[in-house]
$ cat entry-v2.tsv   # TSV, C-alpha atoms and all ligand atoms
chain	number	residue	atom	x	y	z
A	7	MET	CA	-9.87	26.39	10.29
A	8	LYS	CA	-7.12	26.85	7.74
A	9	GLN	CA	-4.90	28.61	10.24
A	10	MET	CA	-5.34	25.80	12.70
A	11	LEU	CA	-3.87	23.39	10.19
A	12	VAL	CA	-0.67	25.34	9.76
A	13	GLY	CA	2.13	23.86	11.78
A	14	ALA	CA	-0.24	21.67	13.76
A	15	LYS	CA	0.41	18.00	14.12
A	16	THR	CA	-1.89	15.39	12.72
A	17	SER	CA	-0.94	12.59	15.10
A	18	VAL	CA	1.42	11.93	17.94
A	19	LEU	CA	3.33	9.68	15.55
A	20	LEU	CA	3.40	11.87	12.47
A	21	PRO	CA	5.50	14.86	11.52
A	22	PRO	CA	3.69	18.17	11.05
A	23	VAL	CA	1.07	18.32	8.35
A	24	SER	CA	1.16	21.10	5.85
A	25	ALA	CA	-1.80	23.37	5.37
A	26	SER	CA	-4.11	23.01	2.43
A	27	GLN	CA	-2.97	25.47	-0.24
A	28	SER	CA	-6.41	25.99	-1.65
A	29	SER	CA	-9.87	26.60	-0.29
A	30	SER	CA	-11.86	23.50	-1.00
A	31	TYR	CA	-11.95	20.90	-3.75
A	32	GLY	CA	-14.99	18.94	-4.87
A	33	ASP	CA	-13.42	15.55	-4.34
A	34	ALA	CA	-10.23	13.50	-4.64
A	35	MET	CA	-10.45	13.59	-8.42
A	36	ASP	CA	-10.17	17.38	-8.37
A	37	VAL	CA	-7.25	17.13	-5.96
A	38	ALA	CA	-5.45	14.67	-8.24
A	39	ALA	CA	-6.09	16.76	-11.35
A	40	GLN	CA	-5.21	20.14	-9.89
A	41	ARG	CA	-2.46	19.25	-7.43
A	42	SER	CA	-0.82	16.04	-8.76
A	43	PRO	CA	0.36	15.22	-5.23
A	44	ASP	CA	3.36	12.93	-4.90
A	45	GLU	CA	2.79	12.31	-1.18
A	46	PRO	CA	-0.35	10.65	0.22
A	47	VAL	CA	-3.25	13.04	0.77
A	48	HIS	CA	-6.03	12.80	3.30
A	49	CYS	CA	-9.11	14.26	1.62
A	50	PHE	CA	-11.14	15.67	4.51
A	51	SER	CA	-14.73	16.88	4.33
A	52	PRO	CA	-15.65	19.21	7.21
A	53	ALA	CA	-19.22	19.28	5.89
A	54	ILE	CA	-19.60	15.51	6.22
A	55	LEU	CA	-18.06	15.54	9.70
A	56	THR	CA	-20.36	18.35	10.86
A	57	SER	CA	-23.37	16.53	9.46
A	58	THR	CA	-22.49	13.26	11.26
A	59	LEU	CA	-21.86	15.21	14.46
A	60	ASN	CA	-25.33	16.74	14.18
A	61	THR	CA	-26.81	13.26	13.77
A	62	PHE	CA	-25.25	12.29	17.11
A	63	LEU	CA	-26.00	15.56	18.90
A	64	THR	CA	-29.65	15.62	17.87
A	65	GLY	CA	-30.33	11.88	17.99
A	66	PHE	CA	-28.42	10.36	20.91
A	67	PRO	CA	-30.49	10.39	24.14
A	68	GLY	CA	-27.75	11.84	26.33
A	69	GLU	CA	-24.31	13.48	26.27
A	70	VAL	CA	-22.08	12.94	23.24
A	71	SER	CA	-18.29	12.90	23.56
A	72	TYR	CA	-15.67	11.99	20.95
A	73	ALA	CA	-13.09	9.19	21.20
A	74	VAL	CA	-10.02	11.19	20.18
A	75	LYS	CA	-7.96	8.06	19.53
A	76	SER	CA	-9.88	7.36	16.33
A	77	ASN	CA	-8.52	10.54	14.71
A	78	ASP	CA	-6.60	13.17	16.65
A	79	GLY	CA	-5.95	15.47	13.70
A	80	PRO	CA	-6.35	19.16	14.62
A	81	HIS	CA	-8.65	19.66	11.65
A	82	VAL	CA	-11.01	16.99	13.03
A	83	LEU	CA	-10.86	18.23	16.62
A	84	ALA	CA	-11.41	21.85	15.58
A	85	THR	CA	-14.35	20.95	13.33
A	86	LEU	CA	-16.00	18.99	16.14
A	87	ALA	CA	-15.46	21.82	18.63
A	88	ALA	CA	-16.83	24.35	16.15
A	89	GLY	CA	-19.86	22.07	15.71
A	90	GLY	CA	-20.66	22.26	19.41
A	91	LEU	CA	-18.84	19.26	20.91
A	92	ASP	CA	-17.19	20.02	24.24
A	93	VAL	CA	-16.51	16.63	25.85
A	94	PHE	CA	-13.68	14.40	24.65
A	95	ASP	CA	-12.85	10.80	25.58
A	96	VAL	CA	-9.07	10.62	25.77
A	97	ALA	CA	-6.58	7.79	26.13
A	98	SER	CA	-3.60	9.93	27.13
A	99	VAL	CA	-2.38	13.31	28.31
A	100	GLU	CA	-1.03	13.93	24.81
A	101	GLU	CA	-4.59	13.71	23.49
A	102	MET	CA	-5.76	16.24	26.09
A	103	MET	CA	-3.07	18.61	24.88
A	104	ALA	CA	-4.15	18.15	21.25
A	105	VAL	CA	-7.78	18.89	22.13
A	106	ARG	CA	-7.08	21.94	24.29
A	107	ALA	CA	-4.93	23.41	21.51
A	108	VAL	CA	-8.07	23.85	19.44
A	109	ALA	CA	-10.82	23.76	22.10
A	110	PRO	CA	-9.67	25.59	25.26
A	111	GLU	CA	-12.94	24.91	27.12
A	112	ALA	CA	-13.01	21.16	26.44
A	113	ARG	CA	-13.78	18.70	29.24
A	114	PHE	CA	-12.21	15.26	29.37
A	115	HIS	CA	-13.25	11.71	30.12
A	116	TYR	CA	-9.97	9.88	30.72
A	117	HIS	CA	-11.38	6.49	29.78
A	118	ASN	CA	-8.20	4.53	29.22
A	119	PRO	CA	-8.71	1.94	31.99
A	120	VAL	CA	-5.00	1.85	32.85
A	121	LYS	CA	-3.06	5.05	33.51
A	122	GLY	CA	0.29	5.93	35.01
A	123	ARG	CA	0.43	7.95	38.24
A	124	ASN	CA	2.13	10.80	36.43
A	125	GLU	CA	-0.58	10.80	33.77
A	126	ILE	CA	-3.35	10.93	36.38
A	127	ALA	CA	-1.59	13.76	38.19
A	128	ILE	CA	-1.22	15.86	35.02
A	129	ALA	CA	-4.80	15.12	33.92
A	130	ALA	CA	-6.17	16.28	37.28
A	131	ALA	CA	-3.87	19.22	37.94
A	132	GLN	CA	-3.36	20.66	34.47
A	133	TYR	CA	-6.54	19.67	32.69
A	134	GLY	CA	-9.06	19.69	35.54
A	135	CYS	CA	-10.07	16.14	34.71
A	136	VAL	CA	-12.41	14.52	37.26
A	137	ARG	CA	-13.55	11.56	35.15
A	138	PHE	CA	-11.46	8.40	35.05
A	139	ALA	CA	-12.27	4.83	33.95
A	140	ALA	CA	-11.03	1.71	35.73
A	141	ASP	CA	-11.66	-2.02	35.78
A	142	ASP	CA	-9.42	-2.90	38.73
A	143	GLU	CA	-9.37	-2.02	42.44
A	144	GLN	CA	-5.70	-1.01	42.48
A	145	GLU	CA	-6.31	1.37	39.59
A	146	ILE	CA	-9.20	2.98	41.48
A	147	ASN	CA	-7.03	3.41	44.59
A	148	LYS	CA	-4.27	4.88	42.45
A	149	ILE	CA	-6.65	7.43	40.87
A	150	VAL	CA	-8.01	8.54	44.26
A	151	ALA	CA	-4.55	8.72	45.84
A	152	VAL	CA	-3.07	10.77	43.02
A	153	ALA	CA	-6.00	12.96	41.91
A	154	GLY	CA	-7.28	13.71	45.44
A	155	ASN	CA	-10.65	15.43	46.00
A	156	ALA	CA	-12.49	12.09	46.13
A	157	GLN	CA	-15.93	13.72	46.29
A	158	GLU	CA	-15.28	15.43	42.96
A	159	LEU	CA	-14.08	12.31	41.20
A	160	GLU	CA	-16.26	10.33	38.81
A	161	ILE	CA	-15.03	6.76	38.45
A	162	ALA	CA	-16.48	4.85	35.51
A	163	ILE	CA	-16.20	1.10	35.99
A	164	ARG	CA	-15.60	-0.57	32.64
A	165	PHE	CA	-17.44	-3.87	32.52
A	166	VAL	CA	-17.52	-6.59	29.93
A	167	LEU	CA	-19.85	-9.42	28.93
A	168	PRO	CA	-18.87	-12.62	27.15
A	169	LYS	CA	-17.71	-12.15	23.56
A	170	HIS	CA	-20.38	-11.83	20.87
A	171	GLY	CA	-20.05	-11.97	17.11
A	172	SER	CA	-21.63	-8.65	16.17
A	173	SER	CA	-18.61	-6.35	15.98
A	174	ALA	CA	-15.87	-6.19	13.36
A	175	HIS	CA	-13.24	-5.50	16.01
A	176	ASP	CA	-13.62	-7.38	19.33
A	177	PHE	CA	-12.90	-5.31	22.44
A	178	SER	CA	-13.58	-7.92	25.11
A	179	SER	CA	-10.09	-9.37	25.51
A	180	LYS	CA	-8.07	-6.54	27.03
A	181	PHE	CA	-10.31	-4.53	29.37
A	182	GLY	CA	-13.42	-4.91	31.43
A	183	ALA	CA	-14.50	-6.41	34.75
A	184	GLY	CA	-17.11	-9.18	34.70
A	185	PRO	CA	-20.49	-8.30	36.28
A	186	GLU	CA	-19.63	-9.61	39.75
A	187	LEU	CA	-16.33	-7.78	39.98
A	188	ALA	CA	-17.95	-4.65	38.49
A	189	ALA	CA	-20.55	-4.64	41.31
A	190	HIS	CA	-17.76	-4.97	43.86
A	191	LEU	CA	-15.81	-2.12	42.25
A	192	LEU	CA	-18.89	0.13	42.22
A	193	ARG	CA	-19.30	-0.40	45.97
A	194	HIS	CA	-15.60	0.31	46.43
A	195	VAL	CA	-15.92	3.60	44.51
A	196	VAL	CA	-18.83	4.65	46.72
A	197	SER	CA	-16.94	3.66	49.87
A	198	LEU	CA	-14.13	6.02	48.82
A	199	GLY	CA	-16.60	8.87	48.46
A	200	CYS	CA	-16.42	9.10	44.65
A	201	LYS	CA	-19.28	9.21	42.15
A	202	PRO	CA	-19.96	5.76	40.61
A	203	LEU	CA	-20.55	5.21	36.88
A	204	LEU	CA	-20.56	2.25	34.55
A	205	THR	CA	-19.13	2.14	31.06
A	206	PHE	CA	-18.75	-0.51	28.36
A	207	HIS	CA	-17.57	-0.89	24.78
A	208	PRO	CA	-19.46	-3.44	22.65
A	209	GLY	CA	-16.61	-3.74	20.10
A	210	SER	CA	-15.90	-1.48	17.16
A	211	GLN	CA	-18.25	-1.38	14.15
A	212	CYS	CA	-20.96	-3.20	16.06
A	213	GLY	CA	-23.61	-4.16	13.52
A	214	ASP	CA	-26.35	-5.18	15.94
A	215	PRO	CA	-28.06	-2.53	18.12
A	216	ALA	CA	-29.46	-5.33	20.31
A	217	ILE	CA	-25.98	-5.76	21.82
A	218	TRP	CA	-26.55	-2.39	23.55
A	219	THR	CA	-29.83	-3.73	24.95
A	220	THR	CA	-27.96	-6.68	26.46
A	221	TYR	CA	-25.23	-4.45	27.90
A	222	ILE	CA	-27.65	-1.85	29.30
A	223	HIS	CA	-29.71	-4.54	31.07
A	224	ALA	CA	-26.48	-5.97	32.47
A	225	ALA	CA	-25.51	-2.49	33.70
A	226	ALA	CA	-28.84	-2.14	35.52
A	227	ASP	CA	-28.35	-5.60	37.08
A	228	ILE	CA	-24.80	-4.70	38.20
A	229	ALA	CA	-25.97	-1.42	39.78
A	230	ARG	CA	-28.82	-3.24	41.53
A	231	ALA	CA	-26.50	-5.97	42.80
A	232	ALA	CA	-24.15	-3.31	44.14
A	233	GLY	CA	-27.00	-1.29	45.63
A	234	VAL	CA	-25.60	1.78	43.92
A	235	ARG	CA	-27.35	4.61	42.08
A	236	LEU	CA	-25.26	5.39	38.99
A	237	ALA	CA	-24.18	8.96	38.34
A	238	ALA	CA	-24.17	8.08	34.62
A	239	LEU	CA	-24.01	5.17	32.19
A	240	ASN	CA	-21.58	5.50	29.29
A	241	VAL	CA	-22.60	3.25	26.39
A	242	GLY	CA	-19.29	3.52	24.62
A	243	GLY	CA	-18.17	3.74	21.09
A	244	GLY	CA	-18.86	0.90	18.69
A	245	PHE	CA	-21.31	2.79	16.47
A	246	PRO	CA	-20.84	1.72	12.87
A	247	SER	CA	-19.80	3.47	9.68
A	248	ARG	CA	-20.07	1.99	6.18
A	249	TYR	CA	-17.47	-0.47	4.89
A	250	VAL	CA	-17.43	-2.82	1.92
A	251	GLY	CA	-19.63	-5.87	2.52
A	252	LEU	CA	-20.79	-4.75	5.98
A	253	SER	CA	-24.30	-3.62	6.58
A	254	ALA	CA	-25.59	-1.88	9.68
A	255	PRO	CA	-28.83	-0.10	10.57
A	256	ASP	CA	-29.01	3.70	10.62
A	257	LEU	CA	-27.64	5.42	13.70
A	258	SER	CA	-31.20	6.43	14.61
A	259	VAL	CA	-32.02	2.76	15.24
A	260	TYR	CA	-29.11	2.54	17.70
A	261	PHE	CA	-30.24	5.70	19.49
A	262	GLU	CA	-33.85	4.49	19.82
A	263	THR	CA	-32.72	1.06	21.00
A	264	ILE	CA	-30.46	2.59	23.65
A	265	ALA	CA	-33.14	4.95	24.98
A	266	LEU	CA	-35.70	2.14	25.14
A	267	ALA	CA	-33.31	-0.33	26.78
A	268	ALA	CA	-32.30	2.22	29.44
A	269	ALA	CA	-35.93	3.00	30.29
A	270	GLU	CA	-36.81	-0.71	30.49
A	271	ALA	CA	-33.72	-1.85	32.35
A	272	PHE	CA	-33.57	0.82	35.02
A	273	GLY	CA	-37.33	1.20	35.49
A	274	ALA	CA	-39.46	4.30	35.62
A	275	ASP	CA	-38.09	5.94	38.78
A	276	PHE	CA	-34.45	6.43	37.91
A	277	VAL	CA	-32.67	6.16	34.58
A	278	PRO	CA	-29.07	7.35	34.89
A	279	PRO	CA	-27.95	10.06	32.48
A	280	LEU	CA	-26.63	8.39	29.33
A	281	GLU	CA	-23.37	9.20	27.57
A	282	CYS	CA	-21.73	7.90	24.39
A	283	GLU	CA	-18.18	8.25	23.06
A	284	PRO	CA	-18.15	7.34	19.36
A	285	GLY	CA	-14.94	7.25	17.34
A	286	ARG	CA	-15.47	5.35	14.12
A	287	GLY	CA	-19.20	6.11	13.80
A	288	LEU	CA	-18.47	9.83	14.00
A	289	VAL	CA	-15.31	10.31	11.93
A	290	ALA	CA	-14.81	7.37	9.55
A	291	ASN	CA	-16.79	8.77	6.64
A	292	CYS	CA	-15.28	12.28	6.60
A	293	THR	CA	-11.93	11.27	5.06
A	294	SER	CA	-10.57	9.28	2.15
A	295	VAL	CA	-6.92	8.68	1.29
A	296	LEU	CA	-5.42	9.47	-2.09
A	297	ALA	CA	-2.38	7.28	-2.72
A	298	ARG	CA	-0.17	7.51	-5.80
A	299	VAL	CA	1.08	4.55	-7.82
A	300	LYS	CA	4.90	4.52	-7.93
A	301	LEU	CA	5.37	1.42	-10.01
A	302	VAL	CA	3.36	-1.34	-11.68
A	303	LYS	CA	5.19	-4.56	-12.39
A	304	SER	CA	3.02	-5.56	-15.31
A	305	THR	CA	4.05	-9.15	-15.62
A	306	ARG	CA	3.34	-9.94	-12.01
A	307	ARG	CA	0.43	-7.55	-11.52
A	308	GLU	CA	2.01	-5.93	-8.54
A	309	VAL	CA	1.23	-2.32	-7.72
A	310	PHE	CA	3.49	-0.24	-5.47
A	311	MET	CA	1.80	2.74	-3.78
A	312	ASN	CA	3.08	5.66	-1.67
A	313	ASP	CA	0.86	4.65	1.27
A	314	GLY	CA	0.50	1.29	2.95
A	315	ILE	CA	-0.05	-0.68	6.11
A	316	TYR	CA	2.48	1.35	8.12
A	317	GLY	CA	0.63	4.48	7.00
A	318	SER	CA	-3.07	5.15	6.55
A	319	LEU	CA	-3.92	1.53	5.73
A	320	MET	CA	-2.79	-0.09	8.98
A	321	GLU	CA	-6.30	-1.04	10.12
A	322	VAL	CA	-7.07	-2.52	6.71
A	323	SER	CA	-4.29	-4.99	7.34
A	324	GLN	CA	-5.29	-5.75	10.93
A	325	VAL	CA	-9.06	-6.13	10.82
A	326	ALA	CA	-10.16	-8.28	7.89
A	327	LEU	CA	-13.78	-7.16	8.10
A	328	LEU	CA	-12.99	-3.45	7.83
A	329	GLN	CA	-12.21	-2.98	4.15
A	330	PRO	CA	-12.60	0.44	2.51
A	331	ASN	CA	-13.87	1.03	-1.00
A	332	TYR	CA	-11.31	2.07	-3.65
A	333	ARG	CA	-11.09	3.47	-7.18
A	334	VAL	CA	-8.34	4.32	-9.66
A	335	ILE	CA	-8.06	7.94	-10.79
A	336	ARG	CA	-6.20	9.32	-13.83
A	337	ASP	CA	-6.40	12.85	-15.26
A	338	GLY	CA	-9.08	13.73	-12.74
A	339	LYS	CA	-11.40	10.88	-13.77
A	340	VAL	CA	-12.17	7.43	-12.44
A	341	LEU	CA	-10.83	4.66	-14.69
A	342	THR	CA	-13.64	2.31	-15.65
A	343	GLY	CA	-13.67	-0.82	-17.79
A	344	ALA	CA	-11.72	-4.05	-17.54
A	345	THR	CA	-9.90	-4.79	-14.31
A	346	VAL	CA	-7.17	-7.12	-13.20
A	347	THR	CA	-6.53	-8.51	-9.77
A	348	CYS	CA	-3.37	-6.99	-8.28
A	349	THR	CA	-1.30	-7.27	-5.16
A	350	ALA	CA	-0.94	-3.78	-3.63
A	351	TYR	CA	2.23	-2.88	-1.71
A	352	GLY	CA	3.01	0.12	0.48
A	353	PRO	CA	6.17	2.23	0.10
A	354	THR	CA	8.44	0.66	2.72
A	355	CYS	CA	11.09	-2.02	2.15
A	356	ASP	CA	9.24	-4.35	4.50
A	357	PRO	CA	7.62	-7.40	2.89
A	358	LEU	CA	4.78	-7.15	5.42
A	359	ASP	CA	3.81	-3.84	3.83
A	360	VAL	CA	1.21	-5.37	1.54
A	361	LEU	CA	-2.58	-5.20	1.63
A	362	PRO	CA	-3.95	-8.58	2.76
A	363	ASN	CA	-6.69	-8.56	0.11
A	364	LYS	CA	-5.84	-8.24	-3.55
A	365	LEU	CA	-7.40	-5.27	-5.35
A	366	ASP	CA	-9.32	-5.32	-8.64
A	367	LEU	CA	-7.71	-2.39	-10.42
A	368	ALA	CA	-8.03	-0.92	-13.93
A	369	ALA	CA	-6.30	-3.26	-16.37
A	370	ASP	CA	-4.04	-0.48	-17.67
A	371	ILE	CA	-3.18	1.02	-14.27
A	372	ALA	CA	0.20	2.73	-14.53
A	373	GLU	CA	2.78	4.72	-12.66
A	374	GLY	CA	1.43	8.15	-11.72
A	375	ASP	CA	-2.21	7.03	-11.37
A	376	TYR	CA	-3.93	7.49	-8.04
A	377	ILE	CA	-5.94	5.09	-5.89
A	378	GLU	CA	-8.50	6.63	-3.56
A	379	PHE	CA	-9.46	4.56	-0.51
A	380	GLY	CA	-12.45	5.43	1.66
A	381	PRO	CA	-13.76	5.67	4.26
A	382	LEU	CA	-10.53	6.05	6.24
A	383	GLY	CA	-11.30	8.85	8.68
A	384	ALA	CA	-11.12	6.53	11.69
A	385	TYR	CA	-7.93	4.71	12.69
A	386	GLY	CA	-6.24	5.78	9.42
A	387	THR	CA	-4.22	8.91	10.18
A	388	ALA	CA	-4.16	8.09	13.86
A	389	THR	CA	-2.31	4.80	13.49
A	390	SER	CA	0.22	5.91	10.85
A	391	THR	CA	3.84	5.39	11.73
A	392	ARG	CA	7.10	6.90	10.49
A	393	PHE	CA	8.52	3.50	9.56
A	394	ASN	CA	11.15	3.78	6.80
A	395	GLY	CA	10.81	7.57	6.93
A	396	TYR	CA	7.28	7.58	5.50
A	397	GLY	CA	4.16	8.84	7.22
A	398	PRO	CA	3.52	12.52	6.48
A	399	ALA	CA	0.27	13.12	4.68
A	400	GLU	CA	-1.14	16.43	3.55
A	401	ILE	CA	-4.70	17.18	4.57
A	402	ILE	CA	-6.79	18.81	1.89
A	403	GLU	CA	-10.38	19.88	2.32
A	404	VAL	CA	-12.92	18.46	-0.08
A	405	GLU	CA	-16.70	18.35	-0.21
A	406	ARG	CA	-17.17	14.65	-0.98
A	407	VAL	CA	-15.14	11.55	-0.15
A	408	LEU	CA	-15.32	7.98	-1.38
A	409	SER	CA	-17.51	5.81	0.80
A	410	ALA	CA	-18.49	2.15	0.74
B	501	LIG	C1	-12.80	3.61	25.82
B	501	LIG	C2	-13.12	3.74	24.37
B	501	LIG	N1	-14.18	4.47	24.01
B	501	LIG	C3	-14.51	4.65	22.70
B	501	LIG	C4	-13.74	4.09	21.70
B	501	LIG	C5	-14.14	4.34	20.27
B	501	LIG	O1	-14.61	3.19	19.67
B	501	LIG	P1	-15.22	3.21	18.22
B	501	LIG	O2	-14.21	3.78	17.32
B	501	LIG	O3	-15.53	1.79	17.92
B	501	LIG	O4	-16.47	4.05	18.27
B	501	LIG	C6	-12.63	3.31	22.02
B	501	LIG	C7	-11.80	2.70	20.98
B	501	LIG	O5	-10.75	2.14	21.20
B	501	LIG	C8	-12.31	3.13	23.39
B	501	LIG	O6	-11.23	2.42	23.77
$ encode --input "entry-v2.tsv" --output "structure tokens"
Amino acid sequence: MKQMLVGAKTSVLLPPVSASQSSSYGDAMDVAAQRSPDEPVHCFSPAILTSTLNTFLTGFPGEVSYAVKSNDGPHVLATLAAGGLDVFDVASVEEMMAVRAVAPEARFHYHNPVKGRNEIAIAAAQYGCVRFAADDEQEINKIVAVAGNAQELEIAIRFVLPKHGSSAHDFSSKFGAGPELAAHLLRHVVSLGCKPLLTFHPGSQCGDPAIWTTYIHAAADIARAAGVRLAALNVGGGFPSRYVGLSAPDLSVYFETIALAAAEAFGADFVPPLECEPGRGLVANCTSVLARVKLVKSTRREVFMNDGIYGSLMEVSQVALLQPNYRVIRDGKVLTGATVTCTAYGPTCDPLDVLPNKLDLAADIAEGDYIEFGPLGAYGTATSTRFNGYGPAEIIEVERVLSA
């Protein structure tokens, strides 16, 4: 694992990460005390990731794949592959390349509903990809024309139902065919000789398992209306992790609900094979971010950190409901006692680089202290930019990370 980190890249947007210099630390407090890092650190727990993967592999009633977009770090991909995962939901060819670098046998579900011809061609020819998602007839025609071998192709029609309020991050606005169009597209896929599937995404951090019941019944209705036997039903990502102020049932409740809904909706004779493609629910809780305080303007209670919304904290600024926990660390210990409410800025010169919610931080917080934020394993590293020359973060293995 250590060797895989050397010289590998943590994201398509980030410069190379450096390898952890030590074996493993207990937690971010040990890292702060023993390493005094001046750059942001992603504290990564392979043990936590492997444990969450096992929860999915043993509990989900079907095939588990991983939505690479949520964290494409080589350390994450390699840990998942070592834990037995061999199917990866990818949004781009670049993600396929990142996966194959650490998992040469990996199979891909290219579930970005819109792809360029060149991307389809590379996916099919270089990566042997036969699974593509689409929510539009022209896209289906494009896939078949470019990838060829229609009989081998699996086309997953992405469908969508009206917006509901159960997810922290709504996914209904950009992709998805309504039920009627989805039935038409399924028939079209069959008429071209390809294998028909349905897929949906209930929205990220979906707190209500019953939304899957609604979607799975809709999938059965769409397949019936189309007169098509599904080769598989992909029930998406959307599985929750733990964030401040958000509660969600255990993953086991989601798995049981999905199995029951599929049996009920499709009837006893034929239930299509089920698949899921979690991102957040699989990787969020394996990583926290250790940011260092560069300056505290005491009179105005403003704290300037070395990480911010253009770095690991981008999602914090975009999705109000997805707020990580945080704590101030000094000399390897958490500062307790009186707190003050502070505005927290990232390192860039951009005035937008500020956390939308103020933080309650130790009253005597000072330059050189650390703030650990967690969980940030999903959509933290992956959405970091190089704006203002910032962005690189070292990845250090730990046993425990801060969670909500
Ligand atoms: C097609 C697809 N599948 C799965 C996911 C992962 O979603 P989540 O992180 O909510 O599990 C995404 C996220 O964008 C997606 O677009």
$ residues_around --input "entry-v2.tsv" --residues "Val295 (chain A)" --least-positions-apart "2" --cutoff "10 Å" --atoms "all atoms listed in the file" --output "CSV table (one decimal) with C-alpha atoms, in the coordinates of the input"
chain,number,residue,atom,x,y,z
A,34,ALA,CA,-10.2,13.5,-4.6
A,46,PRO,CA,-0.4,10.6,0.2
A,47,VAL,CA,-3.2,13.0,0.8
A,48,HIS,CA,-6.0,12.8,3.3
A,49,CYS,CA,-9.1,14.3,1.6
A,50,PHE,CA,-11.1,15.7,4.5
A,293,THR,CA,-11.9,11.3,5.1
A,297,ALA,CA,-2.4,7.3,-2.7
A,298,ARG,CA,-0.2,7.5,-5.8
A,313,ASP,CA,0.9,4.6,1.3
A,318,SER,CA,-3.1,5.2,6.6
A,319,LEU,CA,-3.9,1.5,5.7
A,332,TYR,CA,-11.3,2.1,-3.6
A,376,TYR,CA,-3.9,7.5,-8.0
A,377,ILE,CA,-5.9,5.1,-5.9
A,378,GLU,CA,-8.5,6.6,-3.6
A,379,PHE,CA,-9.5,4.6,-0.5
A,380,GLY,CA,-12.4,5.4,1.7
A,381,PRO,CA,-13.8,5.7,4.3
A,382,LEU,CA,-10.5,6.0,6.2
A,383,GLY,CA,-11.3,8.8,8.7
A,386,GLY,CA,-6.2,5.8,9.4
A,387,THR,CA,-4.2,8.9,10.2
A,399,ALA,CA,0.3,13.1,4.7
A,400,GLU,CA,-1.1,16.4,3.6
A,401,ILE,CA,-4.7,17.2,4.6
A,407,VAL,CA,-15.1,11.6,-0.2
A,408,LEU,CA,-15.3,8.0,-1.4
$ residues_near_ligand --input "entry-v2.tsv" --ligand "ligand LIG 501 (chain B)" --cutoff "6 Å" --atoms "only C-alpha atoms and all ligand atoms" --output "list of chain:residue names"
A:Ala73, A:Ser76, A:His117, A:Asn118, A:Ser210, A:Gln211, A:Gly242, A:Gly243, A:Gly244, A:Phe245, A:Glu283, A:Pro284, A:Gly285, A:Arg286, A:Gly287
$ closest_residue --input "entry-v2.tsv" --among "A:Ala84, A:Leu301, A:Val99, A:Ile222" --to "Thr56 (chain A)" --atoms "only C-alpha atoms"
A:Ala84
$ atom_distance --input "entry-v2.tsv" --atom1 "CA of Ile128 (chain A)" --atom2 "CA of Glu111 (chain A)"
16.8 Å
$ atom_distance --input "entry-v2.tsv" --atom1 "CA of Thr58 (chain A)" --atom2 "CA of Gly90 (chain A)"
12.3 Å
$ closest_residue --input "entry-v2.tsv" --among "A:Gly317, A:Gly233, A:Ala410, A:Arg123" --to "Val250 (chain A)" --atoms "all atoms listed in the file"
A:Ala410
$ atom_distance --input "entry-v2.tsv" --atom1 "CA of Glu186 (chain A)" --atom2 "CA of His207 (chain A)"
17.4 Å
$ residues_near_point --input "entry-v2.tsv" --point "(-5.1, 12.7, 44.7)" --cutoff "12 Å" --atoms "only C-alpha atoms" --output "PyMOL selection string"
chain A and resi 123-131+135-136+146-159+198+200
$ write_last_selection --input "entry-v2.tsv" --atoms "C-alpha atoms" --output "tab-separated table (two decimals), in the coordinates of the input"
chain	number	residue	atom	x	y	z
A	123	ARG	CA	0.43	7.95	38.24
A	124	ASN	CA	2.13	10.80	36.43
A	125	GLU	CA	-0.58	10.80	33.77
A	126	ILE	CA	-3.35	10.93	36.38
A	127	ALA	CA	-1.59	13.76	38.19
A	128	ILE	CA	-1.22	15.86	35.02
A	129	ALA	CA	-4.80	15.12	33.92
A	130	ALA	CA	-6.17	16.28	37.28
A	131	ALA	CA	-3.87	19.22	37.94
A	135	CYS	CA	-10.07	16.14	34.71
A	136	VAL	CA	-12.41	14.52	37.26
A	146	ILE	CA	-9.20	2.98	41.48
A	147	ASN	CA	-7.03	3.41	44.59
A	148	LYS	CA	-4.27	4.88	42.45
A	149	ILE	CA	-6.65	7.43	40.87
A	150	VAL	CA	-8.01	8.54	44.26
A	151	ALA	CA	-4.55	8.72	45.84
A	152	VAL	CA	-3.07	10.77	43.02
A	153	ALA	CA	-6.00	12.96	41.91
A	154	GLY	CA	-7.28	13.71	45.44
A	155	ASN	CA	-10.65	15.43	46.00
A	156	ALA	CA	-12.49	12.09	46.13
A	157	GLN	CA	-15.93	13.72	46.29
A	158	GLU	CA	-15.28	15.43	42.96
A	159	LEU	CA	-14.08	12.31	41.20
A	198	LEU	CA	-14.13	6.02	48.82
A	200	CYS	CA	-16.42	9.10	44.65
$ axis_aligned_box --input "entry-v2.tsv" --around "region 324-331 of chain A" --padding-each-side "3 Å" --output "AutoDock Vina command-line options"
--center_x -9.6 --center_y -3.6 --center_z 5.0 --size_x 14.6 --size_y 15.3 --size_z 17.9
$ residues_around --input "entry-v2.tsv" --residues "region 62-68 of chain A" --least-positions-apart "6" --cutoff "7 Å" --atoms "only C-alpha atoms" --output "list of chain:residue names"
A:Ser258, A:Phe261, A:Ala265, A:Pro279, A:Leu280, A:Glu281
$ closest_residue --input "entry-v2.tsv" --among "A:Tyr260, A:Ser294, A:Val96, A:Gly182" --to "Ser409 (chain A)" --atoms "only C-alpha atoms"
A:Ser294
$ closest_residue --input "entry-v2.tsv" --among "A:Ala274, A:Met320, A:Ala87, A:Ala350" --to "Arg306 (chain A)" --atoms "all atoms listed in the file"
A:Ala350
$ closest_residue --input "entry-v2.tsv" --among "A:Ala226, A:Ala232, A:Ala216, A:Val309" --to "Thr263 (chain A)" --atoms "all atoms listed in the file"
A:Ala216
$ residues_near_point --input "entry-v2.tsv" --point "(0.0, -5.6, -1.3)" --cutoff "10 Å" --atoms "all atoms listed in the file" --output "ChimeraX atom specification"
/A:308-311,314-315,323,348-352,357-365
